[in-house]
Amino acid sequence: MQTKQELEEWYEQDDPWEYTVTPDDIYRKRFYLTVLEDLGEYFDRALDIGAGEGFITGDLPAKEIHAIEISDNAASRLPKNVERVFVPEGKYDLVLVTGLLYRQYDHERIARLVSNAASKYVCVGGIEDWLLPYPFGRMVETFRFPYREYTSVFNVYKYERYSPWSG
Amino acid sequence: MERLRLAHNIGDENHSNYHTREQILACDEPIGFDGVYRSVYENQDVLKDKSGIMFVMGNFLGGNNEFDLKAVPKLERYCTLDEVKELCSLYAFQIGWHTWSHRNLCELSEKEILQEITAPFRTKYLRYPYGEYCSKVIDCVKRVGYEKAYSVTQGVEDHPYKIFSDYVERI
């Protein structure tokens with residue numbers, strides 16, 4: 001697992017993952033946002049967990065957008081319409097967690113955060129072979145598409161309270 | 001295989017991308033609208049008693065056809081996804097996919113084809129950009145799980161992934 005110091009070093013430069021210039025990531029962002037558009041809702045409150053510099057966060061279709069990001073360097077570059085928080089502040093009708101529910105991260109803690117914050121939809125994205133199967137409720141949609149040298153998945157859950165990590 | 005007529009805009013321009021309201025009204029076969037252009041939404045009263053498929057392009061939802069200006073006479077807007085869904089809820093139309101960027105799929109890698117034809121919503125129907133398909137494209141279309149894929153005049157009558165579509169008749 002990466003330490004905070006390692007994350008800060010990684011985020012010393014802008015866009016270290018090169019999301020903004022990589023066609024697969026531009027595609028991935030458009031894919032996510034169109035799926036959210038298809039849900040037909042403009043959300044009241046959205047939370048992006050592990051938002052990085054907010055590559056997707058700032059464009060979420062919500063009136064109020066919060067982001068949880070460990071790295072201060074990354075969080076300093078979040079878009080102006082995004083507020084950084086350190087823990088969920090109440091409930092969110094959209095919770096997004098992408099590229100994070102992997103074995104190499106503290107996935108149990110992240111899953112608990114998701115479950116405690118969600119009130120309506122949870123969207124989970126990531127590389128298919130790495131993504132751990134946390135069920136956040138009833139799966140509404142699942143999508144698979146090629147991403148870099150992997151297959152990426154994007155799962156949309158209608159959150160249900162009986163998830164074992166809520167508390 | 002059920003026939004699907006092809007149309008783009010509803011308007012009076014003298015161009016293959018346009019059909020008049022009268023021509024749409026006179027069509028008694030299902031219609032596949034490619035785009036879907038805002039002019040279809042604005043003339044939606046002619047869709048009453050019609051059926052068919054609205055084939056949307058992901059990158060251009062709510063945008064315009066600037067990418068295609070060499071082939072069409074003027075700039076036109078496309079519907080937003082909400083507008084297309086509204087049309088599908090009001091009339092006997094289903095939503096289909098016309099790829100993200102409208103590139104010729106036969107010129108792309110397998111990875112790019114799979115990205116282009118993966119829709120961000122559930123649909124059984126794909127329309128090939130420019131009607132162009134090849135065995136590599138059809139293989140990807142099967143893998144993604146489409147039931148039917150429509151060509152234009154290059155298609156045939158009896159293959160679910162090469163379905164022929166002619167334009168709505170110009171009476």
# chains A, B, ... in the order shown; residues from 1 in each chain; ligands from 1

$ closest_atom_pairs --of "chain A" --to "chain B" --cutoff "7 Å" --atoms "only C-alpha atoms" --output "CSV"
residue,atom,partner,partner_atom,distance
A:Phe31,CA,B:Pro120,CA,6.2
A:Thr34,CA,B:Pro120,CA,6.2
A:Val35,CA,B:Pro120,CA,5.2
A:Asp38,CA,B:Phe121,CA,6.9
A:Phe145,CA,B:Gln115,CA,5.8
A:Pro146,CA,B:Lys111,CA,6.1

$ write_last_selection --atoms "N, CA and C atoms" --output "CSV table (one decimal), in the first residue's frame"
chain,number,residue,atom,x,y,z
A,31,PHE,N,-17.6,8.1,-20.8
A,31,PHE,CA,-18.4,7.0,-20.6
A,31,PHE,C,-19.2,7.1,-19.3
A,34,THR,N,-21.8,9.9,-19.3
A,34,THR,CA,-23.0,9.6,-20.1
A,34,THR,C,-23.8,8.5,-19.4
A,35,VAL,N,-23.2,7.6,-18.7
A,35,VAL,CA,-24.0,6.6,-17.9
A,35,VAL,C,-24.8,7.4,-16.8
A,38,ASP,N,-27.6,9.2,-18.3
A,38,ASP,CA,-28.7,8.2,-18.6
A,38,ASP,C,-29.5,7.9,-17.4
A,145,PHE,N,-15.5,-2.2,-20.9
A,145,PHE,CA,-14.9,-1.7,-22.2
A,145,PHE,C,-13.4,-1.8,-22.1
A,146,PRO,N,-12.7,-1.9,-23.2
A,146,PRO,CA,-11.3,-1.9,-23.2
A,146,PRO,C,-10.7,-0.6,-22.7

$ select_by_dssp --residues "chain A" --states "alpha helix (DSSP H)" --output "NGL selection string"
:A and (4-10 or 23-38 or 72-75 or 107-117)

$ write_last_selection --atoms "N, CA and C atoms" --output "JSON list (two decimals), in the first residue's frame"
[["chain", "number", "residue", "atom", "x", "y", "z"],
["A", 4, "LYS", "N", 1.31, 7.98, 2.52],
["A", 4, "LYS", "CA", 0.91, 9.33, 2.14],
["A", 4, "LYS", "C", 2.08, 10.07, 1.49],
["A", 5, "GLN", "N", 3.27, 9.84, 2.03],
["A", 5, "GLN", "CA", 4.45, 10.50, 1.47],
["A", 5, "GLN", "C", 4.68, 10.11, 0.01],
["A", 6, "GLU", "N", 4.51, 8.81, -0.26],
["A", 6, "GLU", "CA", 4.68, 8.35, -1.65],
["A", 6, "GLU", "C", 3.63, 8.99, -2.57],
["A", 7, "LEU", "N", 2.41, 9.10, -2.04],
["A", 7, "LEU", "CA", 1.35, 9.74, -2.83],
["A", 7, "LEU", "C", 1.68, 11.20, -3.11],
["A", 8, "GLU", "N", 2.19, 11.88, -2.09],
["A", 8, "GLU", "CA", 2.54, 13.30, -2.28],
["A", 8, "GLU", "C", 3.63, 13.44, -3.33],
["A", 9, "GLU", "N", 4.60, 12.53, -3.29],
["A", 9, "GLU", "CA", 5.68, 12.59, -4.29],
["A", 9, "GLU", "C", 5.13, 12.32, -5.68],
["A", 10, "TRP", "N", 4.22, 11.34, -5.76],
["A", 10, "TRP", "CA", 3.60, 11.00, -7.05],
["A", 10, "TRP", "C", 2.85, 12.20, -7.62],
["A", 23, "PRO", "N", -6.16, 9.10, -24.52],
["A", 23, "PRO", "CA", -7.49, 8.87, -25.12],
["A", 23, "PRO", "C", -8.35, 7.89, -24.33],
["A", 24, "ASP", "N", -7.75, 6.84, -23.77],
["A", 24, "ASP", "CA", -8.55, 5.86, -23.03],
["A", 24, "ASP", "C", -9.18, 6.48, -21.79],
["A", 25, "ASP", "N", -8.49, 7.44, -21.18],
["A", 25, "ASP", "CA", -9.05, 8.08, -19.99],
["A", 25, "ASP", "C", -10.08, 9.13, -20.35],
["A", 26, "ILE", "N", -9.86, 9.81, -21.46],
["A", 26, "ILE", "CA", -10.87, 10.77, -21.94],
["A", 26, "ILE", "C", -12.15, 9.99, -22.29],
["A", 27, "TYR", "N", -11.97, 8.83, -22.92],
["A", 27, "TYR", "CA", -13.11, 7.95, -23.23],
["A", 27, "TYR", "C", -13.80, 7.50, -21.95],
["A", 28, "ARG", "N", -13.00, 7.04, -21.00],
["A", 28, "ARG", "CA", -13.55, 6.53, -19.72],
["A", 28, "ARG", "C", -14.36, 7.60, -19.03],
["A", 29, "LYS", "N", -13.85, 8.82, -19.01],
["A", 29, "LYS", "CA", -14.58, 9.92, -18.36],
["A", 29, "LYS", "C", -15.91, 10.17, -19.07],
["A", 30, "ARG", "N", -15.87, 10.23, -20.39],
["A", 30, "ARG", "CA", -17.10, 10.48, -21.14],
["A", 30, "ARG", "C", -18.09, 9.34, -20.92],
["A", 31, "PHE", "N", -17.56, 8.12, -20.85],
["A", 31, "PHE", "CA", -18.42, 6.95, -20.62],
["A", 31, "PHE", "C", -19.15, 7.09, -19.28],
["A", 32, "TYR", "N", -18.39, 7.33, -18.23],
["A", 32, "TYR", "CA", -18.98, 7.47, -16.89],
["A", 32, "TYR", "C", -20.06, 8.56, -16.89],
["A", 33, "LEU", "N", -19.70, 9.72, -17.46],
["A", 33, "LEU", "CA", -20.62, 10.86, -17.38],
["A", 33, "LEU", "C", -21.89, 10.61, -18.19],
["A", 34, "THR", "N", -21.76, 9.86, -19.30],
["A", 34, "THR", "CA", -22.97, 9.56, -20.10],
["A", 34, "THR", "C", -23.84, 8.53, -19.37],
["A", 35, "VAL", "N", -23.21, 7.59, -18.70],
["A", 35, "VAL", "CA", -23.99, 6.64, -17.89],
["A", 35, "VAL", "C", -24.76, 7.40, -16.81],
["A", 36, "LEU", "N", -24.09, 8.34, -16.17],
["A", 36, "LEU", "CA", -24.77, 9.14, -15.13],
["A", 36, "LEU", "C", -25.89, 9.97, -15.73],
["A", 37, "GLU", "N", -25.65, 10.51, -16.92],
["A", 37, "GLU", "CA", -26.69, 11.28, -17.60],
["A", 37, "GLU", "C", -27.90, 10.38, -17.89],
["A", 38, "ASP", "N", -27.62, 9.16, -18.26],
["A", 38, "ASP", "CA", -28.70, 8.22, -18.59],
["A", 38, "ASP", "C", -29.54, 7.87, -17.36],
["A", 72, "ASP", "N", -2.44, 15.89, -0.36],
["A", 72, "ASP", "CA", -2.64, 17.35, -0.35],
["A", 72, "ASP", "C", -2.27, 17.95, -1.70],
["A", 73, "ASN", "N", -1.21, 17.42, -2.30],
["A", 73, "ASN", "CA", -0.81, 17.95, -3.62],
["A", 73, "ASN", "C", -1.92, 17.77, -4.64],
["A", 74, "ALA", "N", -2.50, 16.56, -4.67],
["A", 74, "ALA", "CA", -3.59, 16.31, -5.63],
["A", 74, "ALA", "C", -4.79, 17.19, -5.29],
["A", 75, "ALA", "N", -5.15, 17.23, -4.02],
["A", 75, "ALA", "CA", -6.35, 17.97, -3.61],
["A", 75, "ALA", "C", -6.20, 19.47, -3.88],
["A", 107, "HIS", "N", -9.13, -1.41, 1.04],
["A", 107, "HIS", "CA", -10.45, -1.50, 0.41],
["A", 107, "HIS", "C", -11.58, -1.67, 1.41],
["A", 108, "GLU", "N", -11.31, -2.30, 2.54],
["A", 108, "GLU", "CA", -12.39, -2.49, 3.52],
["A", 108, "GLU", "C", -12.82, -1.13, 4.10],
["A", 109, "ARG", "N", -11.83, -0.31, 4.38],
["A", 109, "ARG", "CA", -12.15, 1.03, 4.90],
["A", 109, "ARG", "C", -12.88, 1.86, 3.84],
["A", 110, "ILE", "N", -12.40, 1.75, 2.63],
["A", 110, "ILE", "CA", -13.03, 2.51, 1.53],
["A", 110, "ILE", "C", -14.47, 2.05, 1.34],
["A", 111, "ALA", "N", -14.69, 0.74, 1.39],
["A", 111, "ALA", "CA", -16.06, 0.21, 1.22],
["A", 111, "ALA", "C", -16.98, 0.70, 2.33],
["A", 112, "ARG", "N", -16.43, 0.77, 3.54],
["A", 112, "ARG", "CA", -17.24, 1.28, 4.65],
["A", 112, "ARG", "C", -17.60, 2.75, 4.44],
["A", 113, "LEU", "N", -16.61, 3.52, 3.97],
["A", 113, "LEU", "CA", -16.86, 4.94, 3.67],
["A", 113, "LEU", "C", -17.98, 5.08, 2.65],
["A", 114, "VAL", "N", -17.89, 4.28, 1.59],
["A", 114, "VAL", "CA", -18.91, 4.33, 0.53],
["A", 114, "VAL", "C", -20.27, 4.03, 1.12],
["A", 115, "SER", "N", -20.33, 2.94, 1.87],
["A", 115, "SER", "CA", -21.61, 2.47, 2.38],
["A", 115, "SER", "C", -22.22, 3.45, 3.38],
["A", 116, "ASN", "N", -21.38, 4.08, 4.18],
["A", 116, "ASN", "CA", -21.90, 5.04, 5.15],
["A", 116, "ASN", "C", -22.34, 6.35, 4.50],
["A", 117, "ALA", "N", -21.75, 6.66, 3.34],
["A", 117, "ALA", "CA", -22.05, 7.95, 2.71],
["A", 117, "ALA", "C", -23.24, 7.88, 1.76]]

$ atom_distance --atom1 "atom CA of Leu25 of chain B" --atom2 "atom CA of Lys48 of chain B"
8.9 Å
